[in-house]
Amino acid sequence: MDLIELSWPAVTALSKDTPVVFPIAALEQHGHHLPVFTDSFLLGEIIRRAKESVGDKVLFAPLQWLGNSDHHLDFAGTLSAPPRTYLDLLNGLAENFVRHGFRRIVFINGHGGNDVPGKQAIFELRQRHRDRDDLLFLLGTYWNLGAKPSDPSLQQSEMGHACEWETSMMLRLAPELVGDYKGAKPVEQGMAFAPAAQGWITRERTRPGHIGSPHLGTAEKGEHLFRTFAQGVVSFLERVASAN
Ligand SMILES: [Zn+2]
C-alpha cells in the first residue's frame with residue numbers, strides 16, 4: 001500500500017499492526033560520475049521491487065530524500081538536514097503514525113549518514129513510550145539487512161560511496177545518468193583507526209568524492225545487487241509483518 005494514494009479513512013481502516021515503512025535516503029555528491037540523487041534513486045528502486053512482494057501487508061510512506069549529509073557539504077549540490085534537525089525529523093515522522101494508532105514503525109535506510117541519527121531516533125522513541133508494551137521501532141540499512149551479494153565478479157566486499165556497488169546499480173537503473181566511471185581512480189575504503197569510530201568529513205578521505213572502485217561497475221553486477229538487497233528488505237519486512 002502506498003500512503004500517498006490512500007484517503008484518511010482508508011488509513012484509519014488499516015490494521016494498526018500494519019508495518020509503516022519510511023524509506024530514508026539523501027541528496028548529496030556522488031563523485032564526478034554519478035548524480036546527487038543516487039541514494040534516493042537506488043533506495044527507490046529497492047523499495048519498488050520490495051513492494052511487488054510485500055505491498056499488500058506493508059504501508060509505504062513516500063521516500064524521504066532529505067538526509068543527514070553534513071559530511072559532504074564541501075561538495076557542491078549537496079543538501080543536508082543537520083544531524084539534530086534530522087533526528088527531530090525522524091522522531092516526528094514516527095510520532096505522527098504513533099498518533100494515528102500504528103504500532104510498527106520501520107525506517108528503511110539507503111544512506112550511511114542517516115545511520116547514527118536513525119538509531120538515536122528509534123532509541124528515543126522507545127524511551128519516550130516506555131509505558132507501552134505494544135510498540136516496535138526499527139531501522140534497517142538496505143545493504144546491511146543480512147542478504148549478502150554472492151556474484152563472484154564483485155571485488156568490493158562492502159558498500160563504499162559512488163563505488164563499484166552504487167555505480168553498478170546506477171548503470172542498471174539509469175545508465176544515461178552515469179558519467180565517466182571507467183576513468184575514476186580507486187579510493188581506499190578503510191579508516192585508519194577502525195574499529196574505533198572517527199569523526200570525519202568527506203574531503204579528507206577523497207578528493208574526487210567517491211570512495212571505492214567505480215571503474216569496476218557493470219549493469220549485470222547492479223542487477224545482482226538490486227535483487228539481493230530487495231530480497232533482504234522483503235525478508236525483513238515479512239518478519240516484521242508476522243511478528244506477534
Ligand atoms: Zn550513496
# chains A, B, ... in the order shown; residues from 1 in each chain; ligands from 1
>>> select_by_dssp(residues="range 19-190 of chain A", states="helix (DSSP H, G or I)", output="count of residues only")
70
>>> residues_near_ligand(ligand="ligand 1", cutoff="10 Å", atoms="only C-alpha atoms and all ligand atoms", output="NGL selection string")
:A and (25-31 or 34-43 or 110-113 or 159-163 or 165-167 or 210-211)
>>> write_last_selection(atoms="N, CA, C and O atoms", output="tab-separated table (two decimals), in the first residue's frame")
chain	number	residue	atom	x	y	z
A	25	ALA	N	16.57	8.43	2.52
A	25	ALA	CA	17.75	8.43	1.65
A	25	ALA	C	18.45	9.78	1.74
A	25	ALA	O	18.55	10.37	2.83
A	26	ALA	N	18.96	10.29	0.62
A	26	ALA	CA	19.77	11.52	0.66
A	26	ALA	C	19.84	12.16	-0.72
A	26	ALA	O	19.49	11.54	-1.73
A	27	LEU	N	20.30	13.41	-0.73
A	27	LEU	CA	20.67	14.12	-1.95
A	27	LEU	C	22.04	14.72	-1.68
A	27	LEU	O	22.16	15.71	-0.96
A	28	GLU	N	23.07	14.09	-2.23
A	28	GLU	CA	24.44	14.51	-1.90
A	28	GLU	C	25.39	14.10	-3.00
A	28	GLU	O	25.09	13.20	-3.80
A	29	GLN	N	26.55	14.75	-3.00
A	29	GLN	CA	27.54	14.47	-4.04
A	29	GLN	C	27.87	12.99	-4.10
A	29	GLN	O	27.99	12.31	-3.08
A	30	HIS	N	28.01	12.48	-5.32
A	30	HIS	CA	28.43	11.09	-5.54
A	30	HIS	C	29.54	11.04	-6.59
A	30	HIS	O	29.43	10.35	-7.61
A	31	GLY	N	30.61	11.80	-6.31
A	31	GLY	CA	31.75	11.78	-7.21
A	31	GLY	C	31.47	12.54	-8.50
A	31	GLY	O	30.46	13.23	-8.64
A	34	LEU	N	28.43	10.18	-10.84
A	34	LEU	CA	27.05	9.81	-10.50
A	34	LEU	C	26.26	11.05	-10.06
A	34	LEU	O	26.82	11.98	-9.49
A	35	PRO	N	24.95	11.03	-10.28
A	35	PRO	CA	24.12	12.19	-9.90
A	35	PRO	C	23.94	12.29	-8.38
A	35	PRO	O	24.06	11.30	-7.66
A	36	VAL	N	23.64	13.50	-7.94
A	36	VAL	CA	23.50	13.74	-6.49
A	36	VAL	C	22.31	12.98	-5.89
A	36	VAL	O	22.26	12.75	-4.68
A	37	PHE	N	21.38	12.55	-6.73
A	37	PHE	CA	20.19	11.86	-6.19
A	37	PHE	C	20.40	10.34	-6.13
A	37	PHE	O	19.44	9.58	-5.93
A	38	THR	N	21.65	9.89	-6.29
A	38	THR	CA	21.93	8.45	-6.37
A	38	THR	C	21.31	7.64	-5.23
A	38	THR	O	20.61	6.64	-5.48
A	39	ASP	N	21.53	8.04	-3.99
A	39	ASP	CA	20.99	7.23	-2.88
A	39	ASP	C	19.47	7.13	-2.94
A	39	ASP	O	18.89	6.08	-2.62
A	40	SER	N	18.83	8.21	-3.36
A	40	SER	CA	17.36	8.19	-3.45
A	40	SER	C	16.89	7.35	-4.63
A	40	SER	O	15.92	6.61	-4.52
A	41	PHE	N	17.60	7.46	-5.77
A	41	PHE	CA	17.26	6.59	-6.91
A	41	PHE	C	17.38	5.12	-6.52
A	41	PHE	O	16.51	4.30	-6.82
A	42	LEU	N	18.48	4.76	-5.85
A	42	LEU	CA	18.76	3.34	-5.56
A	42	LEU	C	17.77	2.80	-4.52
A	42	LEU	O	17.20	1.71	-4.70
A	43	LEU	N	17.56	3.54	-3.45
A	43	LEU	CA	16.59	3.06	-2.45
A	43	LEU	C	15.19	3.01	-3.06
A	43	LEU	O	14.43	2.07	-2.79
A	110	GLY	N	18.87	4.16	3.17
A	110	GLY	CA	19.73	3.98	2.00
A	110	GLY	C	20.90	4.95	1.97
A	110	GLY	O	21.42	5.24	0.89
A	111	HIS	N	21.31	5.44	3.14
A	111	HIS	CA	22.43	6.41	3.17
A	111	HIS	C	23.17	6.29	4.50
A	111	HIS	O	22.56	6.40	5.58
A	112	GLY	N	24.50	6.12	4.43
A	112	GLY	CA	25.30	5.90	5.63
A	112	GLY	C	25.14	6.99	6.68
A	112	GLY	O	25.08	6.69	7.88
A	113	GLY	N	25.04	8.26	6.27
A	113	GLY	CA	24.95	9.36	7.22
A	113	GLY	C	23.67	9.38	8.02
A	113	GLY	O	23.57	10.08	9.04
A	159	MET	N	29.84	-1.84	1.16
A	159	MET	CA	29.42	-0.62	0.49
A	159	MET	C	30.45	0.48	0.69
A	159	MET	O	30.97	0.67	1.79
A	160	GLY	N	30.76	1.20	-0.38
A	160	GLY	CA	31.59	2.40	-0.30
A	160	GLY	C	30.72	3.60	-0.58
A	160	GLY	O	29.61	3.74	-0.05
A	161	HIS	N	31.20	4.47	-1.48
A	161	HIS	CA	30.43	5.66	-1.85
A	161	HIS	C	30.68	5.95	-3.32
A	161	HIS	O	31.84	6.14	-3.71
A	162	ALA	N	29.60	5.95	-4.10
A	162	ALA	CA	29.74	6.10	-5.56
A	162	ALA	C	30.74	5.07	-6.10
A	162	ALA	O	31.53	5.37	-7.00
A	163	CYS	N	30.70	3.89	-5.53
A	163	CYS	CA	31.72	2.87	-5.65
A	163	CYS	C	31.32	1.83	-6.71
A	163	CYS	O	30.44	2.06	-7.52
A	165	TRP	N	29.66	-0.83	-6.19
A	165	TRP	CA	28.28	-1.25	-5.95
A	165	TRP	C	27.27	-0.21	-6.44
A	165	TRP	O	26.35	-0.52	-7.18
A	166	GLU	N	27.46	1.04	-5.99
A	166	GLU	CA	26.49	2.07	-6.38
A	166	GLU	C	26.56	2.39	-7.88
A	166	GLU	O	25.53	2.64	-8.52
A	167	THR	N	27.78	2.39	-8.42
A	167	THR	CA	27.91	2.64	-9.87
A	167	THR	C	27.22	1.53	-10.65
A	167	THR	O	26.53	1.79	-11.64
A	210	HIS	N	34.27	10.07	-4.62
A	210	HIS	CA	33.89	8.65	-4.46
A	210	HIS	C	34.86	7.97	-3.50
A	210	HIS	O	35.98	8.43	-3.29
A	211	ILE	N	34.38	6.85	-2.90
A	211	ILE	CA	35.22	6.01	-2.04
A	211	ILE	C	34.97	4.58	-2.49
A	211	ILE	O	33.84	4.08	-2.43
>>> closest_residue(among="A:His100, A:His71, A:Arg203, A:Arg49", to="Ala13 in chain A", atoms="only C-alpha atoms")
A:His100
>>> residues_around(residues="Asn144 in chain A", least_positions_apart="3", cutoff="9 Å", atoms="only C-alpha atoms", output="list of chain:residue names")
A:Gly140, A:Thr141, A:Ala147, A:Lys148, A:Phe229, A:Gly232
>>> residues_around(residues="Arg84 in chain A", least_positions_apart="4", cutoff="9 Å", atoms="only C-alpha atoms", output="NGL selection string")
:A and (88-89 or 117)
>>> write_last_selection(atoms="C-alpha atoms", output="PDB file, in the first residue's frame")
ATOM      1  CA  ASP A  88      13.859  15.631  15.094  1.00  0.00           C
ATOM      2  CA  LEU A  89      12.507  14.919  11.604  1.00  0.00           C
ATOM      3  CA  PRO A 117      20.656   9.765  13.850  1.00  0.00           C
TER       4      PRO A 117
END
>>> residues_around(residues="Glu45 in chain A", least_positions_apart="6", cutoff="12 Å", atoms="only C-alpha atoms", output="CSV table (one decimal) with N, CA and C atoms, in the first residue's frame")
chain,number,residue,atom,x,y,z
A,23,PRO,N,11.0,5.0,3.9
A,23,PRO,CA,12.3,4.9,3.2
A,23,PRO,C,13.0,6.2,3.3
A,25,ALA,N,16.6,8.4,2.5
A,25,ALA,CA,17.7,8.4,1.7
A,25,ALA,C,18.5,9.8,1.7
A,38,THR,N,21.7,9.9,-6.3
A,38,THR,CA,21.9,8.4,-6.4
A,38,THR,C,21.3,7.6,-5.2
A,39,ASP,N,21.5,8.0,-4.0
A,39,ASP,CA,21.0,7.2,-2.9
A,39,ASP,C,19.5,7.1,-2.9
A,51,LYS,N,8.0,-3.8,-2.9
A,51,LYS,CA,6.6,-3.7,-2.9
A,51,LYS,C,5.9,-4.8,-3.7
A,52,GLU,N,6.5,-5.3,-4.7
A,52,GLU,CA,5.9,-6.3,-5.5
A,52,GLU,C,5.7,-7.6,-4.7
A,63,LEU,N,9.3,8.2,-0.2
A,63,LEU,CA,10.7,8.3,0.1
A,63,LEU,C,11.0,9.7,0.6
A,110,GLY,N,18.9,4.2,3.2
A,110,GLY,CA,19.7,4.0,2.0
A,110,GLY,C,20.9,5.0,2.0
A,142,TYR,N,19.6,-0.9,3.8
A,142,TYR,CA,19.3,-2.0,2.9
A,142,TYR,C,20.5,-2.9,2.6
A,169,MET,N,24.7,-0.4,-9.7
A,169,MET,CA,23.2,-0.2,-9.6
A,169,MET,C,22.7,0.9,-10.5
A,170,MET,N,23.5,2.0,-10.5
A,170,MET,CA,23.0,3.1,-11.4
A,170,MET,C,23.2,2.8,-12.9
A,172,ARG,N,22.6,-0.1,-14.0
A,172,ARG,CA,21.4,-1.0,-14.3
A,172,ARG,C,20.2,-0.1,-14.3
A,173,LEU,N,20.1,0.9,-13.5
A,173,LEU,CA,18.8,1.7,-13.4
A,173,LEU,C,18.7,2.8,-14.4
A,174,ALA,N,19.8,3.6,-14.5
A,174,ALA,CA,19.7,4.8,-15.4
A,174,ALA,C,21.1,5.1,-16.0
A,222,GLY,N,25.0,-4.7,-11.1
A,222,GLY,CA,23.9,-3.9,-10.5
A,222,GLY,C,22.6,-4.7,-10.3
A,223,GLU,N,22.3,-5.5,-11.3
A,223,GLU,CA,21.1,-6.3,-11.2
A,223,GLU,C,21.2,-7.3,-10.1
A,225,LEU,N,23.0,-7.0,-7.4
A,225,LEU,CA,22.9,-6.2,-6.1
A,225,LEU,C,21.4,-5.8,-5.8
A,226,PHE,N,20.7,-5.3,-6.8
A,226,PHE,CA,19.3,-4.9,-6.6
A,226,PHE,C,18.5,-6.1,-6.1
A,227,ARG,N,18.7,-7.3,-6.8
A,227,ARG,CA,17.9,-8.5,-6.5
A,227,ARG,C,18.2,-8.9,-5.0
A,229,PHE,N,19.6,-7.2,-2.5
A,229,PHE,CA,19.2,-6.2,-1.4
A,229,PHE,C,17.6,-6.1,-1.3
A,230,ALA,N,16.9,-6.2,-2.5
A,230,ALA,CA,15.5,-6.2,-2.4
A,230,ALA,C,14.9,-7.4,-1.7
A,233,VAL,N,15.4,-6.9,2.0
A,233,VAL,CA,14.3,-6.0,2.6
A,233,VAL,C,13.0,-6.7,2.7
>>> decode(residues="range 16-38 of chain A", atoms="N, CA and C atoms", output="compact mmCIF listing (two decimals), in the first residue's frame")
# COMPACT_ATOMS: atom_id res chain seq x y z
N LYS A 16 -3.82 -1.79 12.78
CA LYS A 16 -2.77 -0.97 13.37
C LYS A 16 -1.47 -1.76 13.60
N ASP A 17 -1.51 -3.05 13.28
CA ASP A 17 -0.28 -3.84 13.26
C ASP A 17 0.38 -3.83 11.89
N THR A 18 -0.19 -3.13 10.93
CA THR A 18 0.46 -2.98 9.63
C THR A 18 1.78 -2.24 9.81
N PRO A 19 2.90 -2.84 9.35
CA PRO A 19 4.15 -2.08 9.44
C PRO A 19 4.09 -0.82 8.57
N VAL A 20 4.51 0.29 9.14
CA VAL A 20 4.59 1.56 8.40
C VAL A 20 6.06 1.79 8.06
N VAL A 21 6.37 1.82 6.78
CA VAL A 21 7.75 1.95 6.34
C VAL A 21 8.04 3.36 5.84
N PHE A 22 9.08 3.96 6.41
CA PHE A 22 9.60 5.22 5.90
C PHE A 22 10.92 4.95 5.20
N PRO A 23 10.96 4.99 3.87
CA PRO A 23 12.27 4.89 3.19
C PRO A 23 12.99 6.22 3.34
N ILE A 24 14.24 6.18 3.83
CA ILE A 24 15.00 7.41 4.05
C ILE A 24 16.31 7.36 3.27
N ALA A 25 16.57 8.43 2.52
CA ALA A 25 17.75 8.43 1.65
C ALA A 25 18.45 9.78 1.74
N ALA A 26 18.96 10.29 0.62
CA ALA A 26 19.77 11.52 0.66
C ALA A 26 19.84 12.16 -0.72
N LEU A 27 20.30 13.41 -0.73
CA LEU A 27 20.67 14.12 -1.95
C LEU A 27 22.04 14.72 -1.68
N GLU A 28 23.07 14.09 -2.23
CA GLU A 28 24.44 14.51 -1.90
C GLU A 28 25.39 14.10 -3.00
N GLN A 29 26.55 14.75 -3.00
CA GLN A 29 27.54 14.47 -4.04
C GLN A 29 27.87 12.99 -4.10
N HIS A 30 28.01 12.48 -5.32
CA HIS A 30 28.43 11.09 -5.54
C HIS A 30 29.54 11.04 -6.59
N GLY A 31 30.61 11.80 -6.31
CA GLY A 31 31.75 11.78 -7.21
C GLY A 31 31.47 12.54 -8.50
N HIS A 32 32.39 12.39 -9.45
CA HIS A 32 32.25 13.09 -10.73
C HIS A 32 31.29 12.37 -11.66
N HIS A 33 30.99 11.11 -11.40
CA HIS A 33 30.32 10.30 -12.42
C HIS A 33 28.88 9.93 -12.08
N LEU A 34 28.43 10.18 -10.84
CA LEU A 34 27.05 9.81 -10.50
C LEU A 34 26.26 11.05 -10.06
N PRO A 35 24.95 11.03 -10.28
CA PRO A 35 24.12 12.19 -9.90
C PRO A 35 23.94 12.29 -8.38
N VAL A 36 23.64 13.50 -7.94
CA VAL A 36 23.50 13.74 -6.49
C VAL A 36 22.31 12.98 -5.89
N PHE A 37 21.38 12.55 -6.73
CA PHE A 37 20.19 11.86 -6.19
C PHE A 37 20.40 10.34 -6.13
N THR A 38 21.65 9.89 -6.29
CA THR A 38 21.93 8.45 -6.37
C THR A 38 21.31 7.64 -5.23
